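Everything below belongs to target_2.txt, which stores compact mmCIF, C-alpha atoms.
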# COMPACT_ATOMS: atom_id res chain seq x y z
CA MET G 1 -28.83 -10.82 -3.60
CA ASP G 2 -26.80 -10.73 -0.39
CA PHE G 3 -23.30 -10.77 -1.89
CA PRO G 4 -23.85 -7.88 -4.36
CA LEU G 5 -25.48 -5.92 -1.52
CA LEU G 6 -22.48 -6.65 0.72
CA LEU G 7 -20.11 -5.37 -1.99
CA HIS G 8 -22.24 -2.27 -2.52
CA VAL G 9 -22.55 -1.39 1.17
CA LEU G 10 -18.90 -2.20 1.97
CA GLY G 11 -17.75 -0.12 -0.99
CA ALA G 12 -19.96 2.80 0.05
CA MET G 13 -18.75 2.65 3.67
CA VAL G 14 -15.09 2.58 2.63
CA LEU G 15 -15.71 5.37 0.10
CA VAL G 16 -17.24 7.64 2.75
CA GLY G 17 -14.43 6.74 5.16
CA VAL G 18 -11.79 7.64 2.57
CA LEU G 19 -13.56 10.90 1.77
CA VAL G 20 -13.61 11.80 5.47
CA LEU G 21 -9.92 10.87 5.83
CA ALA G 22 -8.92 12.88 2.76
CA THR G 23 -11.07 15.86 3.77
CA ALA G 24 -9.54 15.91 7.26
CA SER G 25 -5.98 15.47 5.94
CA LEU G 26 -6.27 18.11 3.23
CA ALA G 27 -8.01 20.55 5.58
CA ALA G 28 -5.14 20.06 8.05
CA ALA G 29 -2.62 20.48 5.22
CA TRP G 30 -4.41 23.67 4.19
CA ASN G 31 -3.92 25.00 7.73
CA THR G 32 -0.36 23.82 8.31
CA GLY G 33 1.10 23.63 4.80
CA SER G 34 2.18 20.05 5.54
CA GLY G 35 3.31 18.15 2.45
CA ALA G 36 2.93 14.83 4.28
CA LEU G 37 -0.78 15.47 4.89
CA THR G 38 -1.34 16.49 1.26
CA ARG G 39 0.35 13.23 0.21
CA LEU G 40 -1.84 11.26 2.63
CA GLY G 41 -4.98 12.84 1.16
CA PHE G 42 -3.83 12.17 -2.39
CA ARG G 43 -2.83 8.54 -1.77
CA ALA G 44 -6.05 7.81 0.12
CA LEU G 45 -8.12 9.12 -2.79
CA LEU G 46 -6.09 7.36 -5.47
CA TRP G 47 -5.48 3.99 -3.83
CA ALA G 48 -8.71 3.59 -1.85
CA GLY G 49 -11.25 6.24 -2.94
CA LEU G 50 -11.45 5.40 -6.63
CA PRO G 51 -11.49 1.59 -6.10
CA ALA G 52 -14.19 2.03 -3.42
CA TRP G 53 -16.29 4.12 -5.83
CA ILE G 54 -16.01 1.37 -8.48
CA LEU G 55 -16.94 -1.31 -5.91
CA THR G 56 -19.95 0.74 -4.79
CA ARG G 57 -21.14 1.31 -8.34
CA VAL G 58 -20.57 -2.25 -9.56
CA GLY G 59 -22.39 -3.54 -6.47
CA ALA G 60 -25.26 -1.12 -7.10
CA GLU G 61 -25.68 -2.24 -10.72
CA TRP G 62 -25.53 -5.88 -9.63
CA VAL G 63 -28.18 -5.36 -6.94
CA ALA G 64 -30.41 -3.42 -9.36
CA ASP G 65 -30.05 -6.20 -11.93
CA LYS G 66 -30.86 -8.93 -9.40
CA GLN G 67 -33.88 -7.01 -8.09
CA GLY G 68 -35.09 -6.31 -11.63
CA LEU G 69 -35.11 -2.56 -11.06
CA SER G 70 -35.65 -0.62 -14.27
CA THR G 71 -32.71 1.50 -15.39
CA ASP G 72 -34.95 3.53 -17.73
CA ASP G 73 -37.41 4.58 -15.05
CA PRO G 74 -35.80 3.70 -11.70
CA PRO G 75 -37.42 4.37 -8.31
CA ASN G 76 -36.62 7.78 -6.82
CA TRP G 77 -34.17 6.41 -4.28
CA VAL G 78 -32.19 4.62 -6.99
CA ASP G 79 -32.30 7.77 -9.11
CA MET G 80 -30.86 9.74 -6.18
CA GLY G 81 -27.98 7.27 -6.06
CA TYR G 82 -27.21 7.90 -9.74
CA MET G 83 -27.64 11.66 -9.36
CA VAL G 84 -25.00 11.75 -6.62
CA SER G 85 -22.60 8.99 -7.64
CA ASP G 86 -21.98 10.19 -11.22
CA PRO G 87 -21.09 13.80 -10.31
CA GLY G 88 -19.45 12.32 -7.20
CA LEU G 89 -16.96 10.51 -9.43
CA LEU G 90 -16.11 13.78 -11.18
CA LEU G 91 -15.57 15.50 -7.83
CA LEU G 92 -13.47 12.55 -6.67
CA ILE G 93 -11.28 12.67 -9.78
CA ALA G 94 -10.95 16.46 -9.56
CA ALA G 95 -9.96 16.30 -5.88
CA THR G 96 -7.48 13.48 -6.59
CA VAL G 97 -5.83 15.46 -9.39
CA LEU G 98 -5.65 18.62 -7.27
CA ALA G 99 -4.19 16.75 -4.30
CA GLY G 100 -1.78 14.93 -6.62
CA ILE G 101 -0.51 18.19 -8.10
CA GLY G 102 -0.20 19.61 -4.59
CA ALA G 103 1.70 16.55 -3.35
CA ARG G 104 4.07 16.72 -6.32
CA ARG G 105 4.59 20.44 -5.83
CA THR G 106 5.46 20.09 -2.13
CA ALA G 107 7.69 17.05 -2.78
CA ARG G 108 9.70 19.02 -5.32
CA GLY G 109 9.71 22.13 -3.18
CA SER G 110 8.42 24.07 -6.15
CA GLY G 111 5.65 25.93 -4.34
CA SER G 112 2.78 25.74 -1.91
CA ALA G 113 -0.17 23.36 -2.17
CA VAL G 114 -2.43 25.38 0.14
CA THR G 115 -4.82 26.64 -2.56
CA LEU G 116 -5.05 23.19 -4.15
CA ASP G 117 -5.68 21.63 -0.72
CA ARG G 118 -8.36 24.21 -0.05
CA VAL G 119 -10.26 23.55 -3.29
CA ALA G 120 -9.94 19.77 -2.90
CA THR G 121 -11.20 20.00 0.70
CA VAL G 122 -14.31 21.88 -0.41
CA LEU G 123 -15.03 19.39 -3.22
CA LEU G 124 -14.62 16.46 -0.84
CA ALA G 125 -16.77 18.04 1.87
CA ILE G 126 -19.56 18.53 -0.69
CA SER G 127 -19.18 14.86 -1.70
CA VAL G 128 -19.40 13.63 1.91
CA VAL G 129 -22.63 15.55 2.52
CA ALA G 130 -24.13 14.34 -0.78
CA TYR G 131 -23.26 10.70 -0.05
CA LEU G 132 -24.81 10.93 3.41
CA VAL G 133 -28.02 12.20 1.81
CA VAL G 134 -27.90 9.14 -0.46
CA VAL G 135 -27.47 6.89 2.59
CA TRP G 136 -30.69 8.43 3.89
CA ALA G 137 -32.43 7.81 0.55
CA MET G 138 -31.18 4.21 0.32
CA THR G 139 -32.34 3.35 3.84
CA THR G 140 -35.68 5.17 3.95
CA LYS G 141 -36.50 4.70 0.24
CA PRO G 142 -38.77 7.76 -0.19
CA SER G 143 -41.35 7.21 -2.95
CA MET F 1 -40.05 5.81 13.16
CA THR F 2 -38.49 2.50 12.08
CA GLU F 3 -37.08 4.11 8.92
CA THR F 4 -35.47 6.90 10.95
CA LEU F 5 -33.98 4.37 13.37
CA LEU F 6 -32.68 2.30 10.47
CA PHE F 7 -31.13 5.36 8.83
CA LEU F 8 -29.39 6.40 12.06
CA HIS F 9 -28.24 2.81 12.69
CA ILE F 10 -26.69 2.57 9.22
CA LEU F 11 -25.27 6.09 9.45
CA THR F 12 -23.47 5.18 12.67
CA ALA F 13 -22.21 2.00 10.97
CA PHE F 14 -20.72 4.29 8.29
CA PHE F 15 -19.02 6.21 11.12
CA LEU F 16 -17.50 2.97 12.48
CA VAL F 17 -16.06 2.02 9.10
CA ALA F 18 -14.81 5.58 8.53
CA ALA F 19 -12.89 5.36 11.82
CA VAL F 20 -11.37 2.03 10.76
CA VAL F 21 -10.38 3.52 7.37
CA ILE F 22 -8.63 6.45 9.07
CA TYR F 23 -6.78 4.16 11.49
CA SER F 24 -5.80 1.93 8.56
CA ALA F 25 -4.09 4.95 6.98
CA PHE F 26 -2.17 5.53 10.22
CA VAL F 27 -1.17 1.87 10.48
CA LEU F 28 -0.03 1.85 6.85
CA GLY F 29 2.36 4.72 7.54
CA GLY F 30 0.28 7.86 7.11
CA PRO F 31 1.11 10.81 9.35
CA VAL F 32 -0.85 10.83 12.60
CA ASN F 33 -1.99 14.39 13.06
CA ARG F 34 -4.14 15.46 15.98
CA PRO F 35 -7.30 16.70 14.17
CA THR F 36 -7.61 13.60 11.96
CA ARG F 37 -7.06 11.25 14.90
CA THR F 38 -9.63 13.18 16.96
CA ILE F 39 -12.15 12.84 14.14
CA ALA F 40 -11.46 9.08 14.00
CA GLU F 41 -11.98 8.77 17.76
CA ILE F 42 -15.25 10.72 17.62
CA LEU F 43 -16.48 8.61 14.70
CA TRP F 44 -15.54 5.40 16.55
CA GLY F 45 -17.28 6.59 19.74
CA ILE F 46 -20.51 7.72 18.07
CA GLY F 47 -20.42 4.78 15.68
CA GLY F 48 -19.91 2.25 18.45
CA LEU F 49 -22.59 3.62 20.73
CA GLY F 50 -25.00 4.33 17.88
CA THR F 51 -24.81 0.93 16.21
CA LEU F 52 -25.36 -0.89 19.52
CA VAL F 53 -28.14 1.26 20.99
CA LEU F 54 -30.00 1.81 17.72
CA GLY F 55 -29.49 -1.82 16.70
CA ILE F 56 -31.07 -3.07 19.93
CA TRP F 57 -33.85 -0.50 19.57
CA LEU F 58 -34.51 -1.73 16.02
CA ALA F 59 -34.57 -5.35 17.17
CA LEU F 60 -37.22 -4.42 19.72
CA ASP F 61 -39.12 -2.23 17.24
CA ILE F 62 -39.33 -4.51 14.20
CA GLU F 63 -41.84 -7.30 14.34
CA GLY F 64 -40.22 -10.65 13.60
CA TYR F 65 -36.86 -9.73 15.12
CA GLU F 66 -36.00 -10.58 18.72
CA ILE F 67 -32.99 -9.48 20.72
CA TRP F 68 -32.09 -13.16 21.34
CA ASP F 69 -32.06 -14.10 17.64
CA GLY F 70 -28.77 -15.82 16.87
CA TRP F 71 -27.54 -13.29 14.34
CA ILE F 72 -28.33 -10.36 16.65
CA LEU F 73 -26.50 -12.03 19.55
CA ALA F 74 -23.58 -12.76 17.19
CA ALA F 75 -23.53 -9.10 16.17
CA ILE F 76 -23.46 -7.99 19.82
CA VAL F 77 -20.58 -10.37 20.57
CA LEU F 78 -18.67 -9.09 17.51
CA TRP F 79 -19.36 -5.52 18.64
CA LEU F 80 -17.87 -6.30 22.07
CA LEU F 81 -14.81 -7.93 20.45
CA ALA F 82 -14.33 -4.94 18.12
CA THR F 83 -14.53 -2.56 21.08
CA GLY F 84 -11.97 -4.67 22.96
CA ALA F 85 -9.60 -4.78 19.98
CA GLY F 86 -9.99 -1.04 19.46
CA THR F 87 -8.78 -0.05 22.93
CA PRO F 88 -5.03 -0.78 22.38
CA VAL F 89 -5.26 0.84 18.93
CA SER F 90 -6.60 4.10 20.36
CA ARG F 91 -3.98 4.07 23.11
CA GLY F 92 -1.09 3.06 20.87
CA ILE F 93 -1.59 5.53 18.05
CA GLN F 94 -0.94 9.04 19.26
CA PRO F 95 -0.30 12.18 17.20
CA ARG F 96 3.21 13.39 16.52
CA GLY F 97 4.13 16.97 15.89
CA ASP F 98 6.20 16.52 12.74
CA ASP F 99 3.71 14.61 10.54
CA SER F 100 6.28 11.90 9.89
CA ALA F 101 5.34 8.22 9.64
CA MET F 102 5.62 6.41 12.95
CA ALA F 103 6.75 2.87 13.68
CA LEU F 104 3.94 1.23 15.61
CA PRO F 105 4.30 -1.71 18.00
CA SER F 106 3.26 -4.99 16.39
CA ASN F 107 0.54 -5.58 18.99
CA VAL F 108 -1.11 -2.28 18.03
CA VAL F 109 -0.91 -3.10 14.33
CA GLY F 110 -2.26 -6.59 14.99
CA ALA F 111 -5.11 -5.26 17.13
CA HIS F 112 -6.03 -2.82 14.36
CA TRP F 113 -6.30 -5.53 11.70
CA VAL F 114 -8.23 -7.79 14.09
CA ARG F 115 -10.66 -4.93 14.72
CA THR F 116 -10.94 -4.34 10.97
CA ALA F 117 -11.73 -8.02 10.34
CA ILE F 118 -14.34 -7.99 13.13
CA VAL F 119 -16.03 -4.88 11.71
CA VAL F 120 -16.21 -6.54 8.28
CA ALA F 121 -17.62 -9.68 9.95
CA LEU F 122 -20.23 -7.49 11.66
CA LEU F 123 -21.25 -6.11 8.28
CA VAL F 124 -21.48 -9.64 6.84
CA VAL F 125 -23.74 -10.71 9.74
CA MET F 126 -25.93 -7.63 9.28
CA ILE F 127 -26.33 -8.23 5.54
CA TYR F 128 -26.79 -12.02 5.56
CA LYS F 129 -28.71 -12.25 8.88
CA PRO F 130 -27.91 -15.97 9.29
CA GLY F 131 -30.83 -17.85 10.83
CA ALA F 132 -33.30 -14.97 10.44

What does the file become when written as structure tokens?
Amino acid sequence: MDFPLLLHVLGAMVLVGVLVLATASLAAAWNTGSGALTRLGFRALLWAGLPAWILTRVGAEWVADKQGLSTDDPPNWVDMGYMVSDPGLLLLIAATVLAGIGARRTARGSGSAVTLDRVATVLLAISVVAYLVVVWAMTTKPS
Amino acid sequence: MTETLLFLHILTAFFLVAAVVIYSAFVLGGPVNRPTRTIAEILWGIGGLGTLVLGIWLALDIEGYEIWDGWILAAIVLWLLATGAGTPVSRGIQPRGDDSAMALPSNVVGAHWVRTAIVVALLVVMIYKPGA
């Protein structure tokens, strides 16, 4: 069970790290209007955030399978993981698309990305908080 | 009590990895802006202190674990090596005003990837607990 758990935990740690990086970069871009920071946020989400989400989720399914945890009626702490990771993917995709549009807009000089950065920052900040709650649930395993 | 300690220990480990992820972006050519670098430094500081102190506390708290267990000693040694490797990275990567990519000295880049490898090794030791 150790290797699937390693993949799951490593994926989750990188995912949270990427979300923090993208949140900080896009928040700074929102304040300064920097196209380079919008691009950094976008690339971090696309190249590292989405793969890390997949690694986390594949690892989670593998661990659940090895431990024989029911997918029909999972324990509360597993359920919390599903409840956050599924909407978390939607938020991740939405933030990636917004940052991507913003990066493209600033690269072409066809407008400001500040509003897009602002919305993406809020979505990512919500994700970070939600994932940290899941870390609590995964470690304390409330019944 | 043990569950709270474990949560805080793992949370601070998340902080450590988050700091490494942010520094990886800088090393790979991302703009080094002051707020993001400050966040990375804070995460590395809290993560470093938290993982060590809470890890030792957990080793003392949980029956069956001792501070001199091989895997715990290995983790402490890796922690010290990661801290050592992180010092030139923190010094060598400083914010620039124009958000452009910066060319970093090879020793700083090397130290960053060594630190990254050590942090991953720490995670492997924590998950596998060899000899426990």

How would you write as a VMD selection string the residues that get within 7 Å of (-11.6, -1.0, 13.1) in the file's frame, counting all atoms listed in the file?
chain F and resid 17 19 to 20 82 86 112 115 to 116 119

Quick one: residues within 9 Å of Trp136 (chain G), only C-alpha atoms counted, chain neighbours fewer than 2 positions away excluded, as a compact mmCIF listing (two decimals) with C-alpha atoms, in the coordinates of the input?
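Written file, out.txt:
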# COMPACT_ATOMS: atom_id res chain seq x y z
CA TYR G 131 -23.26 10.70 -0.05
CA LEU G 132 -24.81 10.93 3.41
CA VAL G 133 -28.02 12.20 1.81
CA VAL G 134 -27.90 9.14 -0.46
CA MET G 138 -31.18 4.21 0.32
CA THR G 139 -32.34 3.35 3.84
CA THR G 140 -35.68 5.17 3.95
CA LYS G 141 -36.50 4.70 0.24
CA THR F 4 -35.47 6.90 10.95
CA PHE F 7 -31.13 5.36 8.83
CA LEU F 8 -29.39 6.40 12.06
CA ILE F 10 -26.69 2.57 9.22
CA LEU F 11 -25.27 6.09 9.45

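When all atoms listed in the file are used to compute distances to Gly50 (chain F), the closest of the residues F:Val124, F:Leu6, F:Val32, F:Lys129 turns out to be F:Leu6.
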
Interface residues on chain F facing chain G, 10 Å, all atoms listed in the file, written as a PDB file with C-alpha atoms, keeping the file's coordinate frame:
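So iface-v1.pdb came out as:
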ATOM      1  CA  THR F   2     -38.490   2.500  12.080  1.00  0.00           C
ATOM      2  CA  GLU F   3     -37.080   4.110   8.920  1.00  0.00           C
ATOM      3  CA  THR F   4     -35.470   6.900  10.950  1.00  0.00           C
ATOM      4  CA  LEU F   5     -33.980   4.370  13.370  1.00  0.00           C
ATOM      5  CA  LEU F   6     -32.680   2.300  10.470  1.00  0.00           C
ATOM      6  CA  PHE F   7     -31.130   5.360   8.830  1.00  0.00           C
ATOM      7  CA  LEU F   8     -29.390   6.400  12.060  1.00  0.00           C
ATOM      8  CA  HIS F   9     -28.240   2.810  12.690  1.00  0.00           C
ATOM      9  CA  ILE F  10     -26.690   2.570   9.220  1.00  0.00           C
ATOM     10  CA  LEU F  11     -25.270   6.090   9.450  1.00  0.00           C
ATOM     11  CA  ALA F  13     -22.210   2.000  10.970  1.00  0.00           C
ATOM     12  CA  PHE F  14     -20.720   4.290   8.290  1.00  0.00           C
ATOM     13  CA  PHE F  15     -19.020   6.210  11.120  1.00  0.00           C
ATOM     14  CA  LEU F  16     -17.500   2.970  12.480  1.00  0.00           C
ATOM     15  CA  VAL F  17     -16.060   2.020   9.100  1.00  0.00           C
ATOM     16  CA  ALA F  18     -14.810   5.580   8.530  1.00  0.00           C
ATOM     17  CA  ALA F  19     -12.890   5.360  11.820  1.00  0.00           C
ATOM     18  CA  VAL F  20     -11.370   2.030  10.760  1.00  0.00           C
ATOM     19  CA  VAL F  21     -10.380   3.520   7.370  1.00  0.00           C
ATOM     20  CA  ILE F  22      -8.630   6.450   9.070  1.00  0.00           C
ATOM     21  CA  TYR F  23      -6.780   4.160  11.490  1.00  0.00           C
ATOM     22  CA  ALA F  25      -4.090   4.950   6.980  1.00  0.00           C
ATOM     23  CA  PHE F  26      -2.170   5.530  10.220  1.00  0.00           C
ATOM     24  CA  GLY F  29       2.360   4.720   7.540  1.00  0.00           C
ATOM     25  CA  GLY F  30       0.280   7.860   7.110  1.00  0.00           C
ATOM     26  CA  PRO F  31       1.110  10.810   9.350  1.00  0.00           C
ATOM     27  CA  VAL F  32      -0.850  10.830  12.600  1.00  0.00           C
ATOM     28  CA  ASN F  33      -1.990  14.390  13.060  1.00  0.00           C
ATOM     29  CA  ARG F  34      -4.140  15.460  15.980  1.00  0.00           C
ATOM     30  CA  PRO F  35      -7.300  16.700  14.170  1.00  0.00           C
ATOM     31  CA  THR F  36      -7.610  13.600  11.960  1.00  0.00           C
ATOM     32  CA  ARG F  37      -7.060  11.250  14.900  1.00  0.00           C
ATOM     33  CA  ILE F  39     -12.150  12.840  14.140  1.00  0.00           C
ATOM     34  CA  ALA F  40     -11.460   9.080  14.000  1.00  0.00           C
ATOM     35  CA  LEU F  43     -16.480   8.610  14.700  1.00  0.00           C
ATOM     36  CA  ASP F  98       6.200  16.520  12.740  1.00  0.00           C
ATOM     37  CA  ASP F  99       3.710  14.610  10.540  1.00  0.00           C
ATOM     38  CA  SER F 100       6.280  11.900   9.890  1.00  0.00           C
ATOM     39  CA  ALA F 101       5.340   8.220   9.640  1.00  0.00           C
ATOM     40  CA  VAL F 120     -16.210  -6.540   8.280  1.00  0.00           C
ATOM     41  CA  LEU F 123     -21.250  -6.110   8.280  1.00  0.00           C
ATOM     42  CA  VAL F 124     -21.480  -9.640   6.840  1.00  0.00           C
ATOM     43  CA  VAL F 125     -23.740 -10.710   9.740  1.00  0.00           C
ATOM     44  CA  MET F 126     -25.930  -7.630   9.280  1.00  0.00           C
ATOM     45  CA  ILE F 127     -26.330  -8.230   5.540  1.00  0.00           C
ATOM     46  CA  TYR F 128     -26.790 -12.020   5.560  1.00  0.00           C
ATOM     47  CA  LYS F 129     -28.710 -12.250   8.880  1.00  0.00           C
TER      48      LYS F 129
END

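You will find CA of Ile42 (chain F) at 29.2 Å from CA of Ala60 (chain G).
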
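Shortest separation to Leu46 (chain G) among G:Val114, G:Ala95, G:Met80, G:Ala107 occurs at residue G:Ala95, atoms counted being only C-alpha atoms.
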
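Here CA of Ala111 (chain F) is placed at a distance of 19.9 Å from CA of Leu49 (chain F).
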
Taking all atoms listed in the file into account, name the residue in F:Thr12, F:Trp68, F:Ala121, F:Ile76 that is nearest to Gly47 (chain F).
F:Thr12

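For the residues F:Leu52, F:Val108, F:Leu28, F:Ile72, ranking by smallest atom-to-atom distance to Ile93 (chain F) using all atoms listed in the file places F:Val108 first.
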
Can you tell me, as a ChimeraX atom specification, what residues are no more than 10 Å from Arg104 (chain G) when counting only C-alpha atoms, ignoring any on the same chain fewer than 4 positions away?
/G:35,38-39,42,98-100,108-111,113

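The interatomic distance for the pair CA of Val58 (chain G) and CA of His8 (chain G) works out to 7.2 Å.
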
I'd like the contact shell of Asp69 (chain F) - 12 Å cut-off, all atoms listed in the file, skipping same-chain residues fewer than 3 positions apart - returned as a PyMOL selection string.
chain F and resi 56+59-60+64-66+72-76+125+129-132

Written file, previous selection with C-alpha atoms, as a short mmCIF file (atom, residue, chain, number, x, y, z; two decimals), in the frame of the given file:
data_model
loop_
_atom_site.label_atom_id
_atom_site.label_comp_id
_atom_site.auth_asym_id
_atom_site.auth_seq_id
_atom_site.Cartn_x
_atom_site.Cartn_y
_atom_site.Cartn_z
CA ILE F 56 -31.07 -3.07 19.93
CA ALA F 59 -34.57 -5.35 17.17
CA LEU F 60 -37.22 -4.42 19.72
CA GLY F 64 -40.22 -10.65 13.60
CA TYR F 65 -36.86 -9.73 15.12
CA GLU F 66 -36.00 -10.58 18.72
CA ILE F 72 -28.33 -10.36 16.65
CA LEU F 73 -26.50 -12.03 19.55
CA ALA F 74 -23.58 -12.76 17.19
CA ALA F 75 -23.53 -9.10 16.17
CA ILE F 76 -23.46 -7.99 19.82
CA VAL F 125 -23.74 -10.71 9.74
CA LYS F 129 -28.71 -12.25 8.88
CA PRO F 130 -27.91 -15.97 9.29
CA GLY F 131 -30.83 -17.85 10.83
CA ALA F 132 -33.30 -14.97 10.44
#

Centre and size of axis-aligned box enclosing region 49-56 of chain F plus 4 Å each side, as JSON:
{"center_x": -26.8, "center_y": 0.6, "center_z": 18.6, "size_x": 16.5, "size_y": 15.4, "size_z": 12.8}

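Between Val89 (chain F) and the residues F:Val77, F:Asp61, F:Pro105, F:Ile118, the shortest atom-to-atom distance, using only C-alpha atoms, involves F:Pro105.
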